[in-house]
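Undergrad: The structure that follows is given in the form of C-alpha cells.
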Amino acid sequence: MNMVYAYKIKPYIQDYVLWAFILIGLIGITIHACFGYSAQNAGHAIGNDDAYITYRYAENFYKGFGLVFNKGERVEGYSNFLYLILMTPSFFFGRNNVYFYSLILNSILFSLSIFLFFDLVKNSTDRITALISSSILSINPWIWLNVASGLETTLVFLLFILILKFIDDFKKIKLLLIFLTLTILSRIDGFVIAFFVCLYLLANKRYIHFCLSSLFISSVFAIQSLFRYLYYGNFISNTFYAKFYNIDLNHKISYACFYFFKNLLFTGLWFLFFITAYLSLKRMLKGNFDKIMFYQLFPMLWVCYIFMIGGDNYNERFLLILIPCLLYAVCCLSSIKKQVLITTFFLQIIFVPIDERFHYVLNKYDPRIAVGDFIKKHYPNRIIAVDAAGKIPFFSEAKTIDILGLTDPHISRKTVKKEDAFIPGHIKYDPVYVLNKEPDLIMSWIQENGDLFWGMTHEKYSKNYFLRYLVNFNKKNRGEKNIIDVKGMHAEDIQILIKDKYIFAILEKKHP
C-alpha cells in the first residue's frame, strides 16, 4: 500500500521540483535586474538601451500620437511590433515603472516557457529527463540576462517552444498557424522562423500542411507589409535598412564567425550543438533518411541565417532559441541523454565569472538614464542628436535625431564602404547630415583627441558646437560628478577625465 501511495504522489513531488527550478530562475532574473548589466558596458545597467526605443514608441502610441518615435514623424524604428503592443498598457501605471512592467511581463513569459518545455520533453521521453532539461533552461544565467534586458527575446523564446511543441501534432495545425502568426509579429525577422517551418513541412512531404502554412503566413506577411506601406510609406521596416541594407556580405560573415563561435563557447551550447550534429549524422549513416525532425533541421538553417545577417550586437541573444531546440534533440536522439544534459548544465556556467555583465554591484548607475534626466531638467524642449536612441530620448522626452539611423530613413539607407568596420546596427552614420539638422545638443562617445565616434570629428563640429559636458561611464556611481561641465577647461584636464572613464560627450550648439 505504501509503495502504491508513493507511486501516486511521486509525479506531484516532481512537479514541485519543477516549480522550485522556476522559482530559482525568477530569483536569478531579479538579482540580475537589480545588480547586473544587459551589455558589456555600464551604459546598460537598468535594461537594454534598445528596449527603451520600444518603450518610447509604446508611450507615444498610448498617448494617441501613433506608432512614432518623434511626434509627427512616421518612421518604423522598432523591430518588435507584438512586444510593443504588450508594453503599451504599462504607461497606465506611469512611465517610471515601464522597465519593471517589462521585467514582470518577461518573467511570466519565462515561467510559461519552462512549463511548456517540461511538458514537451515529458511527453516525448520521461519525467526525470524533462526535469533535468527544464532545469538547464530555468537555471541558465544567459537566459536570466536576456529576460532582464527588457527586450522581446523572452517572447520569441516562448513562441519558438510552442512551435516546437505543435509542429508535429497533425491535429493542431490551427494552433501552429496562430503561433507562426505571433512569431511573424514578434520581430521583423520572425517570418524567417515561419519560413523554416514551411521548409520542414515540405521536406517531410506534408504537402497539405505546407500549402496551408505557406498561404497563411504569406497572407499575414502581405497584410503586415501593406500596413507598413500605408502607415510609414515603406513595405519594409526602417530597422532592416539600418542593419542589413547595402552592407557587404563578407563584412557580415567575418563578424558572424566571431559572434557565433564566441557565444557558442561561452553559453556551453557548443556541446549540445556538436552532440546533436553527431547523432543526426549517425542516424543518416544508418540509412534513416525517411524523416528529418524539426529540431535537427532548424539549428542548421538558423546558423546560416545568423551568418547571412552578420550576427548580433547583443551577444548570445540570437542563439537562445537554439537552447530548447538542441536540448529537445538530445532528449529524443541520445541513449545517454541524462549524462549529456548534466554535462550541459555545468558547461553553461563556466564562463559566467569572466563576463562583465555578471560583475554585480550594489549601487548600480546607468549613465544614459542620468544623461536623459539631466537633459530633461536643464535643456527642456531642445532637439538632441544621440548615438543610442533608447534611454536618453526616453528620459529626456526630447525630439531626437538618431545618429546611427534606426529611426532615421536617410542614414539607414546609406551604402557602407567596404573598408568600414562592421558592427551590427552600428555601421551607418552621416555626421554632415546630422550637423546640417542643427540639433541643440549632440551626444556620443569621445576620444582623447576630441573626436567623437561615427565620423563626428573635432574639425567638423567645432565650427558650430563646443564640448560642454563629459559623462562618467564607469560602473562606480560618482554622484554629482557623474556629469561634469568642462566648458573652459584646459585640454590636458579634459584628457585626464577621458582616461578616467568620462568617455561620453555632450556637445552644445554655439549661440551668437
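FYI, nothing fancy with the C-alpha cells labels: chains A, B, ... in order, residues from 1 per chain, ligands from 1 as they appear.
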Would you tabulate, counting only C-alpha atoms, all residues of range 30-88 of chain A that have an atom at most 6 Å from an atom of range 351-366 of chain A, showing the closest pair of atoms and their distance in Å to one decimal, sorted by chain then ascending number, as a tab-separated table?
TA:
residue	atom	partner	partner_atom	distance
A:Phe35	CA	A:Tyr360	CA	4.9
A:Gly36	CA	A:Tyr360	CA	4.9
A:Tyr37	CA	A:Arg357	CA	4.6
A:Gln40	CA	A:Arg357	CA	5.8
A:Gly43	CA	A:Asp366	CA	5.5
A:Ala45	CA	A:Asp366	CA	5.0
Undergrad: Could you pull out all residues of range 303-377 of chain A with a DSSP call of helix (DSSP H, G or I) and give them as JSON, numbers by chain?
TA: {"A": [303, 304, 305, 306, 307, 308, 309, 315, 316, 317, 318, 319, 322, 323, 324, 325, 326, 327, 328, 329, 330, 331, 332, 333, 337, 338, 339, 340, 341, 342, 343, 344, 345, 346, 347, 352, 353, 354, 356, 357, 358, 367, 368, 369, 370, 371, 372, 373, 374, 375, 376, 377]}
Undergrad: Could the residues in this selection be written to a file with C-alpha atoms, as a compact mmCIF listing (two decimals), in the first residue's frame?
TA:
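To be explicit, this is the file written out as out37.txt:
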# COMPACT_ATOMS: atom_id res chain seq x y z
CA VAL A 303 23.05 29.26 -38.12
CA CYS A 304 23.01 30.02 -41.86
CA TYR A 305 20.66 32.93 -41.16
CA ILE A 306 22.94 34.27 -38.41
CA PHE A 307 25.88 34.25 -40.81
CA MET A 308 23.83 35.96 -43.51
CA ILE A 309 22.84 38.89 -41.25
CA ASN A 315 25.98 38.75 -27.65
CA GLU A 316 24.08 35.46 -27.30
CA ARG A 317 20.56 36.86 -27.91
CA PHE A 318 20.00 35.24 -31.32
CA LEU A 319 21.36 31.89 -30.12
CA LEU A 322 18.73 27.07 -30.09
CA ILE A 323 18.94 26.03 -26.42
CA PRO A 324 15.45 24.40 -26.18
CA CYS A 325 15.80 23.10 -29.74
CA LEU A 326 19.12 21.34 -29.10
CA LEU A 327 18.07 20.16 -25.64
CA TYR A 328 14.99 18.55 -27.13
CA ALA A 329 17.09 16.98 -29.88
CA VAL A 330 19.42 15.38 -27.33
CA CYS A 331 16.45 14.14 -25.29
CA CYS A 332 14.95 12.46 -28.37
CA LEU A 333 18.12 11.17 -30.03
CA LYS A 337 20.72 11.82 -22.60
CA LYS A 338 20.82 12.28 -18.82
CA GLN A 339 24.64 12.31 -18.78
CA VAL A 340 24.72 14.74 -21.72
CA LEU A 341 22.19 17.03 -20.05
CA ILE A 342 24.02 17.09 -16.71
CA THR A 343 27.28 17.93 -18.52
CA THR A 344 25.48 20.75 -20.35
CA PHE A 345 24.13 22.08 -17.05
CA PHE A 346 27.66 22.69 -15.77
CA LEU A 347 29.11 23.86 -19.09
CA VAL A 352 29.85 33.39 -16.23
CA PRO A 353 32.52 34.70 -13.78
CA ILE A 354 34.59 36.31 -16.56
CA GLU A 356 31.45 41.72 -17.14
CA ARG A 357 27.66 41.63 -17.24
CA PHE A 358 27.71 39.34 -14.18
CA PRO A 367 24.86 56.84 -17.29
CA ARG A 368 22.37 57.04 -20.16
CA ILE A 369 19.44 57.39 -17.77
CA ALA A 370 21.44 60.02 -15.87
CA VAL A 371 22.01 61.94 -19.11
CA GLY A 372 18.34 61.68 -20.07
CA ASP A 373 17.21 63.07 -16.71
CA PHE A 374 19.88 65.80 -16.92
CA ILE A 375 18.72 66.92 -20.37
CA LYS A 376 15.09 66.99 -19.30
CA LYS A 377 15.94 69.17 -16.28
Undergrad: I want to know what sits within 8 Å of Phe422 in chain A, based on only C-alpha atoms, with residues of the same chain fewer than 2 positions away left out; could you give that as a PyMOL selection string?
TA: chain A and resi 251-252+255+420+424+426-427
Undergrad: Compile the contact shell of Asn97 in chain A as a ChimeraX atom specification: residues with an atom at most 12 Å away, counting only C-alpha atoms, same-chain residues fewer than 5 positions apart removed.
TA: /A:46,55,59,87-92,102-104
Undergrad: Which residues, written as JSON, numbers by chain, have at least one atom at most 8 Å from Lys399 in chain A, with only C-alpha atoms counted and residues fewer than 4 positions away on the same chain left out?
TA: {"A": [70, 71, 381, 382, 383, 384, 393]}
Undergrad: Could the residues in this selection be written to a file with N, CA and C atoms, as a compact mmCIF listing (two decimals), in the first residue's frame?
TA:
# COMPACT_ATOMS: atom_id res chain seq x y z
N ASN A 70 9.42 60.16 -32.88
CA ASN A 70 9.21 61.60 -32.67
C ASN A 70 7.80 61.95 -33.11
N LYS A 71 7.12 62.75 -32.35
CA LYS A 71 5.75 63.12 -32.69
C LYS A 71 5.70 63.76 -34.07
N ASN A 381 12.71 70.74 -23.95
CA ASN A 381 12.18 71.14 -25.26
C ASN A 381 13.27 71.46 -26.28
N ARG A 382 14.44 70.82 -26.15
CA ARG A 382 15.50 71.01 -27.13
C ARG A 382 15.52 69.82 -28.09
N ILE A 383 16.19 69.99 -29.20
CA ILE A 383 16.41 68.90 -30.16
C ILE A 383 17.79 68.32 -29.90
N ILE A 384 17.87 67.01 -29.78
CA ILE A 384 19.14 66.36 -29.50
C ILE A 384 19.48 65.37 -30.60
N PRO A 393 16.73 59.53 -25.22
CA PRO A 393 15.48 60.12 -25.74
C PRO A 393 14.27 59.85 -24.84
Undergrad: Just want the 10 Å neighbourhood of range 215-220 of chain A, counted on only C-alpha atoms, with same-chain residues fewer than 2 positions away dropped. Output as a PyMOL selection string.
TA: chain A and resi 177-178+180-182+184-185+191+194-195+198+209-213+222-226
Undergrad: Can you tell me which residues surround Met456 in chain A at a distance of at most 10 Å, considering only C-alpha atoms, apart from same-chain residues fewer than 3 positions away, and format the answer as a short mmCIF file (atom, residue, chain, number, x, y, z; two decimals) with C-alpha atoms, in the first residue's frame?
TA:
data_model
loop_
_atom_site.label_atom_id
_atom_site.label_comp_id
_atom_site.auth_asym_id
_atom_site.auth_seq_id
_atom_site.Cartn_x
_atom_site.Cartn_y
_atom_site.Cartn_z
CA ILE A 403 22.94 59.24 -35.34
CA TYR A 429 26.15 57.26 -39.94
CA ASP A 430 26.38 60.67 -41.62
CA PRO A 431 27.97 63.43 -39.47
CA VAL A 432 27.46 66.14 -42.10
CA VAL A 434 23.40 65.44 -38.51
CA LEU A 435 25.23 68.77 -38.27
CA ILE A 442 24.96 66.21 -29.83
CA SER A 444 28.30 60.35 -28.44
CA TRP A 445 31.47 58.57 -27.31
CA ILE A 446 34.58 60.75 -27.32
CA GLY A 450 38.43 65.45 -29.05
CA ASP A 451 36.89 63.48 -31.93
CA LEU A 452 33.54 61.83 -31.35
CA PHE A 453 32.68 58.43 -32.77
CA GLU A 459 37.22 69.57 -37.22
CA LYS A 460 33.65 69.01 -38.38
CA TYR A 461 31.75 70.02 -35.26
CA SER A 462 33.95 72.78 -33.79
#
Undergrad: Using only C-alpha atoms, find the one residue out of A:Val386, A:Leu285, A:Leu120, A:Leu320 that sits nearest to Phe260 in chain A.
TA: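 Of the candidates, the smallest distance to Phe260 in chain A is held by A:Leu320.
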Undergrad: Which residue gives the smallest distance to Glu438 in chain A among A:Trp454, A:Tyr465, A:Phe235, A:Phe258, with only C-alpha atoms counted?
TA: A:Tyr465
Undergrad: Please indicate the distance in Å from CA of Trp144 in chain A to CA of Ile29 in chain A, rounded to one decimal place.
TA: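 According to the coordinates, CA of Trp144 in chain A and CA of Ile29 in chain A are separated by 4.7 Å.
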Undergrad: Between CA of Arg187 in chain A and CA of Tyr207 in chain A, measure the distance and give it in Å to one decimal.
TA: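 Spanning CA of Arg187 in chain A to CA of Tyr207 in chain A is a straight-line distance of 27.0 Å.
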Undergrad: If I take CA of Leu176 in chain A and CA of Leu164 in chain A, how far is one from the other in Å, to one decimal?
TA: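 Spanning CA of Leu176 in chain A to CA of Leu164 in chain A is a straight-line distance of 9.2 Å.
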Undergrad: Taking only C-alpha atoms into account, name the residue in A:Ile193, A:Lys291, A:Asp126, A:Leu155 that is nearest to Asp168 in chain A.
TA: A:Lys291
Undergrad: Using only C-alpha atoms, what table do you get, as a tab-separated table, when you list each residue of range 123-151 of chain A with an atom no more than 8 Å from range 22-27 of chain A, its nearest pair of atoms, and their distance in Å rounded to one decimal, rows by chain then rising number?
TA:
residue	atom	partner	partner_atom	distance
A:Ser135	CA	A:Ile22	CA	8.0
A:Ser138	CA	A:Gly25	CA	4.9
A:Ile139	CA	A:Gly25	CA	5.3
A:Asn140	CA	A:Gly25	CA	7.5
A:Trp144	CA	A:Gly25	CA	7.1
Undergrad: Could you please take those selected residues and save C-alpha atoms as a JSON list (two decimals), in the first residue's frame?
TA:
[["chain", "number", "residue", "atom", "x", "y", "z"],
["A", 135, "SER", "CA", 16.47, 22.93, -15.11],
["A", 138, "SER", "CA", 15.46, 27.74, -15.76],
["A", 139, "ILE", "CA", 18.89, 27.88, -14.09],
["A", 140, "ASN", "CA", 20.67, 29.45, -17.04],
["A", 144, "TRP", "CA", 18.29, 35.36, -16.98]]
